[in-house]
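Student: For reference, the file entry-v5.txt (compact mmCIF, C-alpha atoms and all ligand atoms) is included below:
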```
# COMPACT_ATOMS: atom_id res chain seq x y z
CA MET A 519 -6.09 -8.18 24.16
CA SER A 520 -8.14 -5.09 24.78
CA THR A 521 -11.37 -5.60 26.71
CA LYS A 522 -13.26 -3.82 23.97
CA THR A 523 -14.23 -5.67 20.84
CA ILE A 524 -13.72 -3.91 17.57
CA GLN A 525 -17.49 -3.73 17.07
CA ASN A 526 -17.71 -1.15 19.89
CA LEU A 527 -15.11 1.12 18.32
CA GLN A 528 -16.24 4.01 16.15
CA ILE A 529 -13.87 6.33 14.32
CA ASN A 530 -14.18 10.08 14.93
CA GLN A 531 -16.11 11.41 11.91
CA ASP A 532 -15.41 15.08 12.63
CA ARG A 533 -11.68 14.50 13.12
CA LEU A 534 -11.50 12.61 9.80
CA TRP A 535 -13.43 15.36 8.00
CA ASP A 536 -11.32 18.13 9.58
CA SER A 537 -8.10 16.36 8.53
CA LEU A 538 -9.39 16.05 4.95
CA MET A 539 -10.31 19.75 4.86
CA GLU A 540 -6.94 20.74 6.36
CA MET A 541 -5.07 18.69 3.75
CA ALA A 542 -7.31 20.16 1.02
CA LYS A 543 -5.97 23.64 1.82
CA ILE A 544 -2.63 22.55 0.30
CA GLY A 545 -2.99 23.21 -3.41
CA ALA A 546 -6.57 24.44 -3.01
CA THR A 547 -8.08 25.72 -6.28
CA GLU A 548 -10.68 28.48 -6.69
CA LYS A 549 -13.34 25.97 -7.72
CA GLY A 550 -12.90 24.00 -4.49
CA GLY A 551 -10.58 21.30 -5.75
CA CYS A 552 -6.92 20.45 -5.28
CA ALA A 553 -3.90 20.79 -7.57
CA ARG A 554 -1.07 18.90 -5.83
CA LEU A 555 0.86 17.25 -8.65
CA ALA A 556 3.31 14.51 -7.74
CA LEU A 557 6.66 15.67 -6.26
CA THR A 558 5.87 19.37 -6.52
CA ASP A 559 6.44 21.67 -3.54
CA LEU A 560 2.73 21.33 -2.76
CA ASP A 561 3.03 17.53 -2.71
CA LYS A 562 5.95 17.99 -0.30
CA GLN A 563 3.79 20.18 1.92
CA GLY A 564 1.07 17.52 1.98
CA ARG A 565 3.60 14.81 2.75
CA ASP A 566 5.17 16.86 5.54
CA LEU A 567 1.75 17.49 7.12
CA PHE A 568 0.89 13.77 6.96
CA VAL A 569 4.24 12.83 8.55
CA GLN A 570 3.75 15.42 11.30
CA TRP A 571 0.26 14.06 12.10
CA CYS A 572 1.54 10.47 12.16
CA LYS A 573 4.39 11.36 14.51
CA GLU A 574 1.87 13.09 16.77
CA ALA A 575 -0.06 9.78 16.75
CA GLY A 576 3.04 7.96 17.95
CA CYS A 577 4.05 6.38 14.64
CA THR A 578 7.55 5.78 13.37
CA ILE A 579 8.17 6.91 9.77
CA THR A 580 10.03 5.10 6.99
CA VAL A 581 10.54 6.50 3.47
CA ASP A 582 11.76 4.25 0.67
CA ARG A 583 13.79 5.03 -2.48
CA MET A 584 10.66 5.80 -4.48
CA GLY A 585 9.42 8.25 -1.87
CA ASN A 586 6.76 5.89 -0.54
CA ILE A 587 6.01 6.78 3.10
CA PHE A 588 5.14 4.19 5.79
CA ALA A 589 3.83 5.32 9.20
CA ARG A 590 3.99 2.38 11.63
CA ARG A 591 1.97 1.76 14.80
CA PRO A 592 3.51 -1.07 16.82
CA GLY A 593 1.54 -4.19 17.73
CA ARG A 594 2.18 -6.69 20.51
CA ASN A 595 4.39 -8.75 18.19
CA ASN A 596 6.41 -6.48 15.90
CA ASP A 597 8.12 -9.40 14.21
CA LEU A 598 4.85 -10.14 12.42
CA PRO A 599 4.27 -8.69 8.93
CA PRO A 600 2.18 -5.50 9.24
CA VAL A 601 -1.40 -4.96 8.11
CA VAL A 602 -1.09 -1.93 5.86
CA THR A 603 -3.50 0.60 4.42
CA GLY A 604 -3.00 3.77 2.42
CA SER A 605 -3.34 5.47 -0.94
CA HIS A 606 -1.90 8.63 -2.52
CA LEU A 607 -1.64 12.37 -1.80
CA ASP A 608 -0.84 13.51 -5.33
CA THR A 609 -3.78 14.83 -7.35
CA GLN A 610 -4.79 15.57 -10.91
CA PRO A 611 -4.21 19.18 -12.07
CA THR A 612 -7.93 19.79 -11.52
CA GLY A 613 -8.42 17.13 -8.88
CA GLY A 614 -10.75 16.92 -5.92
CA LYS A 615 -10.34 16.79 -2.14
CA PHE A 616 -10.93 13.05 -1.75
CA ASP A 617 -9.32 10.97 -4.54
CA GLY A 618 -6.40 9.23 -2.79
CA VAL A 619 -6.38 11.55 0.20
CA PHE A 620 -9.37 9.82 1.75
CA GLY A 621 -7.49 6.50 1.77
CA VAL A 622 -4.44 8.05 3.39
CA LEU A 623 -6.29 9.99 6.09
CA ALA A 624 -8.75 7.15 6.75
CA GLY A 625 -5.70 5.07 7.62
CA LEU A 626 -4.47 7.79 9.97
CA GLU A 627 -7.95 7.99 11.54
CA VAL A 628 -7.85 4.23 12.20
CA ILE A 629 -4.57 4.71 14.09
CA ARG A 630 -5.91 7.72 16.00
CA THR A 631 -9.04 5.76 16.98
CA LEU A 632 -7.12 2.68 18.12
CA ASN A 633 -4.94 5.04 20.19
CA ASP A 634 -8.04 6.67 21.72
CA TYR A 635 -9.34 3.29 22.87
CA LYS A 636 -5.84 1.97 23.74
CA PHE A 637 -6.72 -0.94 21.47
CA GLU A 638 -3.76 -3.24 20.88
CA THR A 639 -3.33 -5.35 17.76
CA GLU A 640 -1.13 -8.44 17.59
CA ALA A 641 0.56 -7.36 14.34
CA PRO A 642 1.80 -3.82 13.67
CA ILE A 643 -0.32 -1.52 11.53
CA GLU A 644 1.06 0.84 8.86
CA VAL A 645 -0.38 3.69 6.81
CA SER A 646 1.29 4.25 3.44
CA VAL A 647 1.51 7.09 0.92
CA TRP A 648 2.45 5.94 -2.60
CA THR A 649 4.32 8.29 -4.92
CA ASN A 650 2.83 9.45 -8.26
CA GLU A 651 -0.34 7.38 -8.25
CA GLU A 652 -2.12 9.69 -10.69
CA GLY A 653 0.30 9.36 -13.56
CA SER A 654 -0.56 12.93 -14.53
CA ARG A 655 2.87 14.57 -14.12
CA PHE A 656 4.87 11.36 -14.62
CA ALA A 657 3.62 8.37 -16.65
CA PRO A 658 2.71 5.64 -16.04
CA ALA A 659 0.31 5.90 -13.13
CA MET A 660 0.89 3.97 -9.88
CA ILE A 661 4.58 3.88 -10.71
CA ALA A 662 5.90 3.72 -7.13
CA SER A 663 3.50 1.03 -5.96
CA GLY A 664 4.44 -0.65 -9.25
CA VAL A 665 8.12 -0.66 -8.27
CA PHE A 666 7.11 -1.97 -4.82
CA GLY A 667 5.05 -4.70 -6.51
CA GLY A 668 7.94 -5.71 -8.78
CA VAL A 669 6.27 -4.51 -12.00
CA PHE A 670 8.81 -1.75 -12.73
CA THR A 671 12.49 -1.56 -11.81
CA GLU A 672 13.59 1.20 -9.43
CA GLU A 673 15.84 2.53 -12.21
CA TYR A 674 12.85 2.82 -14.58
CA GLY A 675 10.84 4.47 -11.81
CA HIS A 676 13.54 7.08 -11.14
CA SER A 677 14.05 7.75 -14.88
CA ARG A 678 10.48 8.75 -15.75
CA ALA A 679 10.35 12.42 -16.72
CA ASP A 680 7.63 15.05 -16.89
CA LEU A 681 6.97 17.21 -19.98
CA ASP A 682 9.76 19.57 -18.81
CA GLY A 683 12.27 16.71 -18.65
CA LYS A 684 12.49 16.62 -14.83
CA THR A 685 12.79 13.03 -13.57
CA ILE A 686 11.17 11.35 -10.59
CA GLY A 687 14.62 10.64 -9.11
CA GLU A 688 15.64 14.32 -9.32
CA GLU A 689 12.33 15.54 -7.91
CA LEU A 690 12.39 13.06 -5.01
CA LYS A 691 15.81 14.43 -4.03
CA ARG A 692 14.69 18.02 -4.53
CA ILE A 693 11.74 17.70 -2.12
CA GLY A 694 13.65 15.56 0.37
CA TYR A 695 11.73 12.30 -0.09
CA PHE A 696 14.37 10.14 -1.73
CA GLY A 697 14.37 7.74 1.20
CA ASP A 698 16.98 5.10 1.93
CA ALA A 699 14.70 2.15 2.60
CA PRO A 700 14.62 -0.46 -0.18
CA VAL A 701 11.44 -0.47 -2.28
CA GLY A 702 9.41 -3.60 -1.56
CA GLY A 703 10.87 -6.94 -0.61
CA ARG A 704 9.08 -6.99 2.73
CA PRO A 705 5.87 -8.92 3.45
CA PHE A 706 2.49 -7.39 4.33
CA LYS A 707 -0.05 -9.56 6.19
CA ALA A 708 -2.65 -7.69 4.09
CA PHE A 709 -3.15 -4.34 2.36
CA PHE A 710 -6.44 -2.42 2.31
CA GLU A 711 -7.18 0.78 0.39
CA ALA A 712 -10.22 2.93 1.08
CA HIS A 713 -11.23 5.14 -1.87
CA ILE A 714 -14.17 7.05 -3.27
CA GLU A 715 -15.76 5.01 -6.09
CA GLN A 716 -15.16 7.78 -8.66
CA GLY A 717 -18.18 6.41 -10.53
CA PRO A 718 -21.99 6.58 -10.22
CA ILE A 719 -22.96 3.04 -9.17
CA LEU A 720 -23.02 3.17 -5.33
CA GLU A 721 -24.91 6.45 -5.22
CA ALA A 722 -27.41 5.29 -7.85
CA GLU A 723 -28.11 2.09 -5.91
CA ASP A 724 -28.17 3.75 -2.44
CA LYS A 725 -25.24 1.64 -1.33
CA ILE A 726 -22.69 3.02 1.14
CA ILE A 727 -19.92 0.44 0.77
CA GLY A 728 -18.40 -1.02 -2.40
CA VAL A 729 -16.78 -4.41 -1.77
CA VAL A 730 -14.12 -4.15 -4.45
CA GLN A 731 -13.39 -7.38 -6.37
CA GLY A 732 -10.47 -6.00 -8.37
CA ILE A 733 -9.51 -3.51 -11.11
CA GLN A 734 -10.26 -3.61 -14.83
CA GLY A 735 -7.42 -3.91 -17.34
CA ILE A 736 -5.77 -0.66 -18.52
CA LYS A 737 -3.65 0.17 -21.57
CA TRP A 738 -2.05 3.56 -22.23
CA PHE A 739 -0.72 4.58 -25.65
CA GLU A 740 1.20 7.59 -26.98
CA VAL A 741 0.56 8.64 -30.58
CA THR A 742 2.64 11.02 -32.71
CA LEU A 743 1.15 12.05 -36.08
CA THR A 744 3.45 13.73 -38.61
CA GLY A 745 2.03 15.56 -41.63
CA GLN A 746 3.33 18.85 -43.05
CA ASP A 747 3.05 22.39 -41.70
CA CYS A 748 1.54 24.49 -44.48
CA HIS A 749 -0.27 27.75 -45.14
CA ALA A 750 -3.96 27.58 -44.19
CA GLY A 751 -4.92 29.92 -47.00
CA THR A 752 -2.89 28.82 -49.98
CA THR A 753 -2.85 25.03 -49.60
CA PRO A 754 -5.66 23.32 -51.55
CA MET A 755 -7.65 20.71 -49.60
CA ASN A 756 -6.38 17.86 -51.83
CA ARG A 757 -2.71 18.74 -51.20
CA ARG A 758 -2.71 18.73 -47.40
CA LYS A 759 -1.00 16.38 -44.95
CA ASP A 760 -3.13 17.50 -42.04
CA ALA A 761 -2.03 15.93 -38.75
CA MET A 762 -4.90 17.61 -36.88
CA LEU A 763 -7.51 16.04 -39.16
CA ALA A 764 -5.91 12.63 -38.62
CA ALA A 765 -5.95 13.25 -34.86
CA ALA A 766 -9.60 14.26 -34.94
CA ARG A 767 -10.52 11.06 -36.78
CA MET A 768 -8.49 9.00 -34.29
CA VAL A 769 -10.26 10.63 -31.34
CA ASP A 770 -13.52 9.50 -32.92
CA LEU A 771 -11.99 6.04 -33.55
CA VAL A 772 -11.13 5.64 -29.84
CA ASN A 773 -14.72 6.53 -28.93
CA LYS A 774 -16.11 4.05 -31.48
CA ILE A 775 -13.80 1.26 -30.26
CA ALA A 776 -15.08 1.70 -26.70
CA LEU A 777 -18.71 1.75 -27.82
CA ASP A 778 -18.07 -1.45 -29.80
CA HIS A 779 -16.59 -3.13 -26.68
CA LEU A 780 -18.84 -2.05 -23.78
CA PRO A 781 -18.43 -1.89 -20.79
CA GLY A 782 -14.96 -0.94 -22.07
CA VAL A 783 -13.99 2.74 -22.05
CA GLY A 784 -11.70 4.82 -24.24
CA THR A 785 -10.33 8.33 -23.67
CA VAL A 786 -8.03 10.81 -25.40
CA GLY A 787 -7.09 13.15 -22.56
CA LEU A 788 -3.88 14.91 -23.54
CA MET A 789 -3.04 16.52 -26.90
CA THR A 790 -0.33 18.88 -28.09
CA VAL A 791 -0.42 20.46 -31.54
CA HIS A 792 2.53 21.88 -33.50
CA PRO A 793 3.00 24.68 -34.43
CA ASN A 794 -0.38 25.43 -32.79
CA SER A 795 -1.01 28.54 -34.89
CA ARG A 796 -4.44 29.44 -36.19
CA ASN A 797 -3.38 29.87 -39.85
CA VAL A 798 -0.95 26.92 -40.15
CA ILE A 799 -2.06 23.40 -41.04
CA PRO A 800 -0.64 21.38 -38.11
CA GLY A 801 2.30 19.25 -39.17
CA LYS A 802 2.59 17.38 -35.88
CA VAL A 803 0.13 16.25 -33.23
CA PHE A 804 0.94 14.23 -30.08
CA PHE A 805 -1.83 12.67 -28.01
CA THR A 806 -2.50 9.94 -25.44
CA VAL A 807 -5.01 7.08 -25.52
CA ASP A 808 -6.41 5.37 -22.39
CA LEU A 809 -8.29 2.08 -23.07
CA ARG A 810 -9.84 -0.04 -20.29
CA HIS A 811 -11.92 -3.21 -20.03
CA PRO A 812 -12.75 -5.70 -17.24
CA TYR A 813 -11.58 -8.59 -19.48
CA ASP A 814 -8.02 -8.70 -20.87
CA GLU A 815 -9.00 -10.51 -24.05
CA GLU A 816 -11.47 -7.72 -24.88
CA LEU A 817 -8.81 -5.11 -24.13
CA GLU A 818 -6.52 -6.85 -26.63
CA LYS A 819 -9.29 -6.62 -29.26
CA MET A 820 -9.63 -2.90 -28.53
CA LYS A 821 -5.89 -2.48 -29.03
CA ALA A 822 -6.03 -4.36 -32.34
CA ALA A 823 -8.87 -2.11 -33.52
CA LEU A 824 -6.81 0.96 -32.59
CA ASP A 825 -3.81 -0.32 -34.57
CA ALA A 826 -5.93 -1.12 -37.64
CA GLY A 827 -7.87 2.15 -37.47
CA ALA A 828 -4.73 4.26 -37.14
CA ALA A 829 -3.19 2.65 -40.25
CA LYS A 830 -6.34 3.30 -42.27
CA ILE A 831 -6.88 6.91 -41.16
CA CYS A 832 -3.25 7.95 -41.60
CA GLY A 833 -2.93 6.08 -44.91
CA ASN A 834 -5.92 7.94 -46.33
CA LEU A 835 -4.54 11.30 -45.19
CA ASP A 836 -0.89 10.69 -46.13
CA VAL A 837 0.13 11.30 -42.51
CA GLU A 838 2.87 9.26 -40.81
CA TYR A 839 2.08 7.85 -37.38
CA ASP A 840 3.93 6.36 -34.43
CA LEU A 841 1.68 4.47 -31.99
CA GLN A 842 3.37 3.13 -28.86
CA GLU A 843 1.79 1.15 -26.01
CA ILE A 844 3.52 2.67 -22.96
CA TRP A 845 1.63 0.96 -20.15
CA ASN A 846 -0.22 -2.33 -19.85
CA SER A 847 -1.93 -3.21 -16.56
CA PRO A 848 -3.89 -6.49 -16.91
CA ALA A 849 -7.12 -6.92 -14.96
CA ILE A 850 -6.44 -7.47 -11.23
CA HIS A 851 -8.36 -9.77 -8.86
CA TYR A 852 -8.24 -9.13 -5.11
CA ASP A 853 -7.78 -11.64 -2.30
CA PRO A 854 -10.95 -13.55 -1.31
CA ALA A 855 -10.18 -13.39 2.43
CA CYS A 856 -9.70 -9.61 2.26
CA ILE A 857 -12.85 -9.20 0.19
CA ASP A 858 -14.76 -11.26 2.78
CA ALA A 859 -13.32 -9.18 5.65
CA VAL A 860 -14.60 -6.01 3.97
CA ARG A 861 -18.04 -7.48 3.26
CA LYS A 862 -18.32 -8.91 6.83
CA ALA A 863 -17.35 -5.55 8.35
CA ALA A 864 -19.93 -3.75 6.22
CA ASP A 865 -22.65 -6.30 7.06
CA GLU A 866 -21.87 -6.18 10.81
CA ALA A 867 -22.09 -2.40 10.70
CA GLY A 868 -25.44 -2.70 8.91
CA LEU A 869 -24.13 -0.79 5.89
CA PRO A 870 -25.81 -1.48 2.52
CA ASN A 871 -23.08 -2.80 0.23
CA ARG A 872 -22.48 -4.46 -3.11
CA ASP A 873 -19.61 -6.11 -4.94
CA ILE A 874 -17.98 -3.86 -7.53
CA VAL A 875 -15.04 -3.84 -9.98
CA SER A 876 -12.94 -0.69 -10.00
CA GLY A 877 -12.92 1.32 -13.22
CA ALA A 878 -10.00 3.37 -11.90
CA GLY A 879 -6.50 2.16 -11.27
CA HIS A 880 -5.26 2.16 -7.68
CA ASP A 881 -2.02 1.48 -5.84
CA ALA A 882 -3.72 -1.53 -4.29
CA GLY A 883 -3.70 -3.05 -7.77
CA TYR A 884 0.07 -3.36 -7.83
CA ILE A 885 0.35 -4.25 -4.14
CA ALA A 886 -1.94 -7.20 -4.96
CA ARG A 887 1.07 -8.77 -6.69
CA VAL A 888 2.96 -9.10 -3.40
CA ALA A 889 0.30 -9.20 -0.68
CA PRO A 890 -3.35 -10.13 -0.07
CA VAL A 891 -5.36 -7.02 -0.94
CA GLY A 892 -8.85 -5.65 -0.41
CA MET A 893 -10.46 -2.28 -1.19
CA ILE A 894 -13.38 -0.37 0.22
CA PHE A 895 -15.34 2.11 -1.91
CA VAL A 896 -17.66 4.83 -0.69
CA PRO A 897 -19.96 6.93 -2.90
CA CYS A 898 -19.02 10.33 -4.32
CA ALA A 899 -21.56 12.85 -5.56
CA GLU A 900 -22.89 11.92 -9.02
CA GLY A 901 -19.83 9.69 -9.43
CA ILE A 902 -17.77 12.74 -10.42
CA SER A 903 -14.01 12.60 -9.80
CA HIS A 904 -10.82 13.94 -11.41
CA ASN A 905 -12.79 17.17 -11.22
CA GLU A 906 -12.63 20.07 -8.74
CA ILE A 907 -16.28 19.61 -7.77
CA GLU A 908 -15.59 16.06 -6.49
CA SER A 909 -17.45 15.63 -3.21
CA ALA A 910 -18.45 12.99 -0.66
CA LEU A 911 -20.58 12.94 2.49
CA PRO A 912 -18.81 12.97 5.89
CA GLU A 913 -21.03 10.12 7.10
CA ASP A 914 -20.19 7.96 4.06
CA LEU A 915 -16.46 8.62 4.51
CA ALA A 916 -16.81 7.72 8.21
CA ALA A 917 -18.69 4.52 7.33
CA GLY A 918 -15.91 3.53 4.94
CA CYS A 919 -13.29 4.32 7.57
CA ASN A 920 -15.09 2.17 10.16
CA VAL A 921 -15.20 -0.74 7.69
CA LEU A 922 -11.49 -0.20 7.00
CA MET A 923 -10.70 -0.28 10.72
CA ARG A 924 -12.70 -3.46 11.32
CA ALA A 925 -11.19 -5.28 8.32
CA MET A 926 -7.65 -4.26 9.30
CA VAL A 927 -8.07 -5.23 12.94
CA GLU A 928 -9.54 -8.57 11.94
CA LEU A 929 -6.46 -9.32 9.85
CA ALA A 930 -4.08 -7.87 12.50
CA ALA A 931 -5.71 -9.67 15.44
O1 LIG B 1001 -5.93 6.50 -13.99
C1 LIG B 1001 -6.43 6.06 -12.96
O2 LIG B 1001 -7.33 5.25 -13.01
C2 LIG B 1001 -5.97 6.52 -11.61
O3 LIG B 1001 -6.85 7.48 -11.14
N1 LIG B 1001 -4.63 7.04 -11.61
MN MN B 1002 -6.96 7.65 -6.58
MN MN B 1003 -7.14 9.55 -9.52
MN MN B 1004 -6.28 6.08 -8.90
```
Translate the structure described by the file into structure tokens.
Tutor:
Amino acid sequence: MSTKTIQNLQINQDRLWDSLMEMAKIGATEKGGCARLALTDLDKQGRDLFVQWCKEAGCTITVDRMGNIFARRPGRNNDLPPVVTGSHLDTQPTGGKFDGVFGVLAGLEVIRTLNDYKFETEAPIEVSVWTNEEGSRFAPAMIASGVFGGVFTEEYGHSRADLDGKTIGEELKRIGYFGDAPVGGRPFKAFFEAHIEQGPILEAEDKIIGVVQGIQGIKWFEVTLTGQDCHAGTTPMNRRKDAMLAAARMVDLVNKIALDHLPGVGTVGLMTVHPNSRNVIPGKVFFTVDLRHPYDEELEKMKAALDAGAAKICGNLDVEYDLQEIWNSPAIHYDPACIDAVRKAADEAGLPNRDIVSGAGHDAGYIARVAPVGMIFVPCAEGISHNEIESALPEDLAAGCNVLMRAMVELAA
């Protein structure tokens, strides 16, 4: 056992920040964000850089059949299940520099710091990168951690296609990350994910650490409305089958459902219109619905209201509709011992903290099905995320990384 106690160890704030800024150059956007969609060449570049850094830190690398990457630092007893951390490197199309990436590079910084101090852990430590967390290019979100957690089959995971019909399996092969390790089926002593809050609470309350209790329930739907393409000038208002009007009313319905079920939230984020011509009444509209609530029974009520509202709106407008629930992720509750380890680390470091439930989905949510899990949140400016202006303070990121290191070492002792 190293002579130093973990309390004396501090991560290197500048090195963490520099790594984040270096990674942010891959897919950098003009407005200061990142566009590194899952399994694109840019995602490959980010993965390759991460693997290079981990090898430089003395880690061995394993890639599984869903492209999940595991960088392993040996402990004294490598037969023990590892303590794992990590998150994702893929971003939204107009994503920021920190969503996901912070959790991956905070894990690398923990390894670099333990190396600096020659600090040995009993169990091995691993840093993981989970494929397609965002669910932007391929739905659903968190699909690869979902396969690892036994929620989706590997076959389903490989079959999911983007809007151009390219599948995850094909893209993994194309970028060279279709690994040969089986997906899941191996124990973790514990899994921790560090992440920006992506909401306004910590900043508003001057807290630096969020002790994450779990994740709210999430349901994703796909809706196809079919009316009739017709001339915008010659078709009287009482003879239209206007799919766009039905879509507009359903967007308002989703908003009303959320407001009727607070603190639930409802979002229509993606919409395609056919034929998408300014003087044709749209005959077909496709859009997505994202409903979330901390309590599953409330989320079911929101779904029922969506079903009933869709029938009424489309019946009144003589528009056919197809409403499919494509993803259901019930509310997730994290492991009490991991939660306590996070809170204890934050308290010992004198960091103001509070318990919090995650509004966003995270890979940790699915890993919680197969391992004890904890999460650490740090503030981001004005709670803005999934936006190119996403930002966080170096000292807050370093504080979160120190809490991560202490919690991991406690579990790996
Ligand atoms: O949708 C989510 O909550 C996550 O950011 N993928
Ligand atoms: Mn994320
Ligand atoms: Mn995200
Ligand atoms: Mn997420």
Student: Interatomic distance between atom CA of Val791 of chain A and atom CA of Phe804 of chain A?
Tutor: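 Calculated distance between atom CA of Val791 of chain A and atom CA of Phe804 of chain A is 6.5 Å.
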Student: Go through A:Ala765, A:Ile544, A:Val888, A:Cys552 and flag the residue nearest Val665 of chain A, using only C-alpha atoms for the distances.
Tutor: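 With only C-alpha atoms as the atom set, the closest residue is A:Val888.
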Student: Which of these, A:Pro592, A:Gly613, A:Pro700, A:Gly877, has the shortest distance to ligand LIG 1001 (chain B) once you count all atoms listed in the file?
Tutor: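 When distances to ligand LIG 1001 (chain B) are compared using all atoms listed in the file, the smallest one comes from A:Gly877.
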Student: Find the residues around Val729 of chain A up to 8 Å (all atoms listed in the file counted), leave out those fewer than 3 positions away in its own chain, and share them as a count of residues only.
Tutor: 10
Student: When distances are computed from all atoms listed in the file, which of A:Val619, A:Cys572, A:Val628, A:Ile719 shows the smallest separation from ligand MN 1003 (chain B)?
Tutor: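 Of all the options, A:Val619 lies closest to ligand MN 1003 (chain B).
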Student: Mind running chain A against ligand MN 1004 (chain B) at 8 Å and telling me each contacting residue's nearest atom pair with the distance in Å (one decimal), counting all atoms listed in the file, chain and number ascending, as JSON lines?
Tutor:
```
{"residue": "A:Asp617", "atom": "CA", "partner": "B:MN1004", "partner_atom": "MN", "distance": 7.2}
{"residue": "A:Gly618", "atom": "CA", "partner": "B:MN1004", "partner_atom": "MN", "distance": 6.9}
{"residue": "A:Glu651", "atom": "CA", "partner": "B:MN1004", "partner_atom": "MN", "distance": 6.1}
{"residue": "A:Glu652", "atom": "CA", "partner": "B:MN1004", "partner_atom": "MN", "distance": 5.8}
{"residue": "A:Ala659", "atom": "CA", "partner": "B:MN1004", "partner_atom": "MN", "distance": 7.8}
{"residue": "A:Met660", "atom": "CA", "partner": "B:MN1004", "partner_atom": "MN", "distance": 7.5}
{"residue": "A:Ala878", "atom": "CA", "partner": "B:MN1004", "partner_atom": "MN", "distance": 5.5}
{"residue": "A:Gly879", "atom": "CA", "partner": "B:MN1004", "partner_atom": "MN", "distance": 4.6}
{"residue": "A:His880", "atom": "CA", "partner": "B:MN1004", "partner_atom": "MN", "distance": 4.2}
{"residue": "A:Asp881", "atom": "CA", "partner": "B:MN1004", "partner_atom": "MN", "distance": 7.0}
```
Student: For atom CA of Val875 of chain A and atom CA of His811 of chain A, determine how far apart the two atoms are, in Å to one decimal place.
Tutor: 10.5 Å
Student: So which one's closest to Tyr813 of chain A, A:Ala575, A:Gly735, A:Ser605, A:His749? Using all atoms listed in the file, please.
Tutor: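 Looking only at the distances to Tyr813 of chain A, the closest residue turns out to be A:Gly735.
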Student: Using only C-alpha atoms, can you tell me which of A:Gly697, A:Gly653, A:Pro793, A:Gly918 comes closest to Gln610 of chain A?
Tutor: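 Smallest separation from Gln610 of chain A among the options: A:Gly653.
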Student: Can you pull out every residue within 7 Å of Ala930 of chain A, counting only C-alpha atoms, but drop anything in the same chain fewer than 3 positions away, and send it as an MDAnalysis selection string?
Tutor: chainID A and resid 601 639:641 926:927
Student: Which neighbours of Ile714 of chain A fall inside 12 Å, counting only C-alpha atoms, when residues of the same chain fewer than 4 positions from it are skipped, and could you give them as an mmCIF file with C-alpha atoms, in the coordinates of the input?
Tutor:
```cif
data_model
loop_
_atom_site.group_PDB
_atom_site.id
_atom_site.type_symbol
_atom_site.label_atom_id
_atom_site.label_comp_id
_atom_site.auth_asym_id
_atom_site.auth_seq_id
_atom_site.Cartn_x
_atom_site.Cartn_y
_atom_site.Cartn_z
ATOM 1 C CA SER A 605 -3.340 5.470 -0.940
ATOM 2 C CA GLY A 614 -10.750 16.920 -5.920
ATOM 3 C CA LYS A 615 -10.340 16.790 -2.140
ATOM 4 C CA PHE A 616 -10.930 13.050 -1.750
ATOM 5 C CA ASP A 617 -9.320 10.970 -4.540
ATOM 6 C CA GLY A 618 -6.400 9.230 -2.790
ATOM 7 C CA VAL A 619 -6.380 11.550 0.200
ATOM 8 C CA PHE A 620 -9.370 9.820 1.750
ATOM 9 C CA GLY A 621 -7.490 6.500 1.770
ATOM 10 C CA VAL A 622 -4.440 8.050 3.390
ATOM 11 C CA ALA A 624 -8.750 7.150 6.750
ATOM 12 C CA PRO A 718 -21.990 6.580 -10.220
ATOM 13 C CA ILE A 719 -22.960 3.040 -9.170
ATOM 14 C CA LEU A 720 -23.020 3.170 -5.330
ATOM 15 C CA GLU A 721 -24.910 6.450 -5.220
ATOM 16 C CA ILE A 726 -22.690 3.020 1.140
ATOM 17 C CA ILE A 727 -19.920 0.440 0.770
ATOM 18 C CA GLY A 728 -18.400 -1.020 -2.400
ATOM 19 C CA VAL A 729 -16.780 -4.410 -1.770
ATOM 20 C CA VAL A 730 -14.120 -4.150 -4.450
ATOM 21 C CA SER A 876 -12.940 -0.690 -10.000
ATOM 22 C CA GLY A 877 -12.920 1.320 -13.220
ATOM 23 C CA ALA A 878 -10.000 3.370 -11.900
ATOM 24 C CA HIS A 880 -5.260 2.160 -7.680
ATOM 25 C CA MET A 893 -10.460 -2.280 -1.190
ATOM 26 C CA ILE A 894 -13.380 -0.370 0.220
ATOM 27 C CA PHE A 895 -15.340 2.110 -1.910
ATOM 28 C CA VAL A 896 -17.660 4.830 -0.690
ATOM 29 C CA PRO A 897 -19.960 6.930 -2.900
ATOM 30 C CA CYS A 898 -19.020 10.330 -4.320
ATOM 31 C CA ALA A 899 -21.560 12.850 -5.560
ATOM 32 C CA GLU A 900 -22.890 11.920 -9.020
ATOM 33 C CA GLY A 901 -19.830 9.690 -9.430
ATOM 34 C CA ILE A 902 -17.770 12.740 -10.420
ATOM 35 C CA SER A 903 -14.010 12.600 -9.800
ATOM 36 C CA HIS A 904 -10.820 13.940 -11.410
ATOM 37 C CA GLU A 908 -15.590 16.060 -6.490
ATOM 38 C CA SER A 909 -17.450 15.630 -3.210
ATOM 39 C CA ALA A 910 -18.450 12.990 -0.660
ATOM 40 C CA LEU A 911 -20.580 12.940 2.490
ATOM 41 C CA PRO A 912 -18.810 12.970 5.890
ATOM 42 C CA ASP A 914 -20.190 7.960 4.060
ATOM 43 C CA LEU A 915 -16.460 8.620 4.510
ATOM 44 C CA ALA A 916 -16.810 7.720 8.210
ATOM 45 C CA ALA A 917 -18.690 4.520 7.330
ATOM 46 C CA GLY A 918 -15.910 3.530 4.940
ATOM 47 C CA CYS A 919 -13.290 4.320 7.570
#
```
Student: Interatomic distance between atom CA of Cys832 of chain A and atom CA of Thr790 of chain A?
Tutor: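 Interatomic distance here is 17.6 Å.
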Student: Looking at all atoms listed in the file, which of A:Lys549, A:Arg583, A:His606, A:Arg565 is the one that sits closest to ligand LIG 1001 (chain B)?
Tutor: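 Using all atoms listed in the file, ligand LIG 1001 (chain B) sits closest to A:His606.
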